[in-house]
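Single-structure report; data block below.
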Amino acid sequence: MGTIIEEARQGRIAPVVRAAAEREGIDPATLLPGIARGSITVMARGDLGIGIGEGLSAKVNVNIGTSTVKSDIAAEVEKARIAERYGADTLTDLSMGGDIREIRAAVLKGTTLPLTTVPIYQAVIDAGGIGELDADGIIDTLRQQAAEGVSSFVLHIPGHKTIAALRESERILGVVSKGGSMTAAYMLRTGKENPFIEHFDEVMEIARRHEIIVSLGNTMRGGSIMDGTDAAARMEREEHIRIADACNREGVQVIIEGCGGHLRIDRIPTCVRAYKDACPYPLFVAGPLATDRAVGHDQIAGAVGASVAVSAGADYLCAITPAEHIGLPTKEEVREGLMAFRIAAHIGDTVRIGSDAADARLSVCRAGLDWKGQVQHAIDPERIAEVVPDEGPCSMCGEYCAIKIMRESLSR
């Protein structure tokens, strides 16, 4: 058997493609042209397939993982389980503290969702720091993680020209991508090519063998709503598209990360359309946060930006929690961020793919003061079920419920 892309090009439906179509409620054959072209990816783990891209519902990823300051395996596994329980589509492990392999193994054992990693994180830790990092260690890390069963790699691919453009930038915050900064630091220290480009054939061999999706990391995303729309960001977009085309030719599925971080709200549709007009590949957006001033409430700022991004055509979101810019989130904050972004994804999808039928169903229940029906059709049924009455109007309006008043008045 070939890769998912190669099978699609032969008109054959891989089992995970069938599973992805079942989750969407569509004919699996309709996915094959998009998979072949690269506009749809199917992130697989075992028998599970998650479809991402053109014509499919926007998906939401949740980040978990330790840091060099705080490492608690049990807590991260619990966050991952919370994310799966409340509707995350995928997980990403960003661990850099403690036993990274043990953490990843525990997350894989404790969940069923596809898992993404940023391999350069572990490569830096295993090397003893950025200053000791070498390309062989980075590629070895890819091999190890692929063999362990991860579904996707985030690889940052800034070239020297993009880094040079960054030097000329007037950004407030420069580079805020941790993986991107590590990759760029390696290049600047050694004078060598980006390691993932220098060893592109090996990266492709690993991805093909293990059906790994290559997610091209958004190194030049903005750290402020004033940043992220400069020459460096435009050059990164061009690099992304060129590398994505190469991955697709090799039969390797690819996702492009762009328009993430912080981005002024009026610039979000323009940024998204620049990617979507230039290439077919699914667009993954981390955020974007539409204001820099929502510290402590960044899940709100991110959800606002994300709903705009999805309505403009973004395919895949990374949930932001209230702890963004502050520290590692609690499991409660993970749930809060996930729900904000599931709502954002749905709001965007009402425009992007016309998925407003569920809103109509809930509205019919609301008109009939049918609380059980409203719970059933809510994005977070568990939360609403805790607070709604069994019957009759809600406690805000009581006997002066507008719906009840007009229904009774019009029936006379």
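Following the order of the structure tokens, chains are lettered A, B, ..., residues in each are numbered from 1, and ligands are numbered from 1.
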Practice prompt. With a distance cut-off of 9 Å and only C-alpha atoms, select the neighbouring residues of Ile103 in chain A, excluding the residue or stretch itself and same-chain residues fewer than 3 positions from it, and output the selection as a ChimeraX atom specification.
Written response: /A:65-66,72-74,76-77,93,95,98-100,106-108
Item to complete: Write down as number ranges by chain the residues of range 98-259 of chain A whose backbone DSSP state falls under alpha helix (DSSP H).
Response: A: 100-110, 119-127, 135-148, 160-167, 178-190, 195-198, 200-210, 231-249
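Of the residues listed (A:Ala8, A:Ala301, A:Cys394, A:Val42), A:Cys394 shows the shortest atom-to-atom separation from Leu369 in chain A; distances use only C-alpha atoms.
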Practice prompt. Run DSSP on the backbone of this structure and report the residues of range 86-148 of chain A it assigns to strand (DSSP E or B), as a PyMOL selection string.
Written response: chain A and resi 90-93+115-117
Generate the output file for the selected residues, C-alpha atoms, as a PDB file, in the first residue's frame.
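Printed below is part21.pdb as written:
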ATOM      1  CA  THR A  90      -6.452  16.532  18.089  1.00  0.00           C
ATOM      2  CA  LEU A  91      -3.784  16.992  20.751  1.00  0.00           C
ATOM      3  CA  THR A  92      -0.298  18.483  20.641  1.00  0.00           C
ATOM      4  CA  ASP A  93       2.342  17.614  23.241  1.00  0.00           C
ATOM      5  CA  LEU A 115      -1.029  13.450  18.691  1.00  0.00           C
ATOM      6  CA  THR A 116       1.242  16.108  17.198  1.00  0.00           C
ATOM      7  CA  THR A 117       4.711  17.007  18.470  1.00  0.00           C
TER       8      THR A 117
END
Worksheet entry | Residues within 7 Å of range 230-232 of chain A, only C-alpha atoms, excluding chain neighbours under 3 positions, as a PyMOL selection string | chain A and resi 162+165-166+220+235-236
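Near Ile403 in chain A, within 8 Å and counting only C-alpha atoms, sit Ala367, Met406 and Arg407 of chain A; same-chain residues fewer than 3 positions away were not included.
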Keeping C-alpha atoms for every residue in the selection just given, could you write it to a file as a compact mmCIF listing (two decimals), in the first residue's frame?
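This went into selection23.txt:
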# COMPACT_ATOMS: atom_id res chain seq x y z
CA ALA A 367 -39.11 28.92 20.95
CA MET A 406 -46.36 36.82 22.41
CA ARG A 407 -47.29 33.19 21.89
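Ranking A:Pro33, A:Gly398, A:Pro381, A:Pro282 by their shortest atom-to-atom distance to Gln10 in chain A, with only C-alpha atoms included, puts A:Pro33 first.
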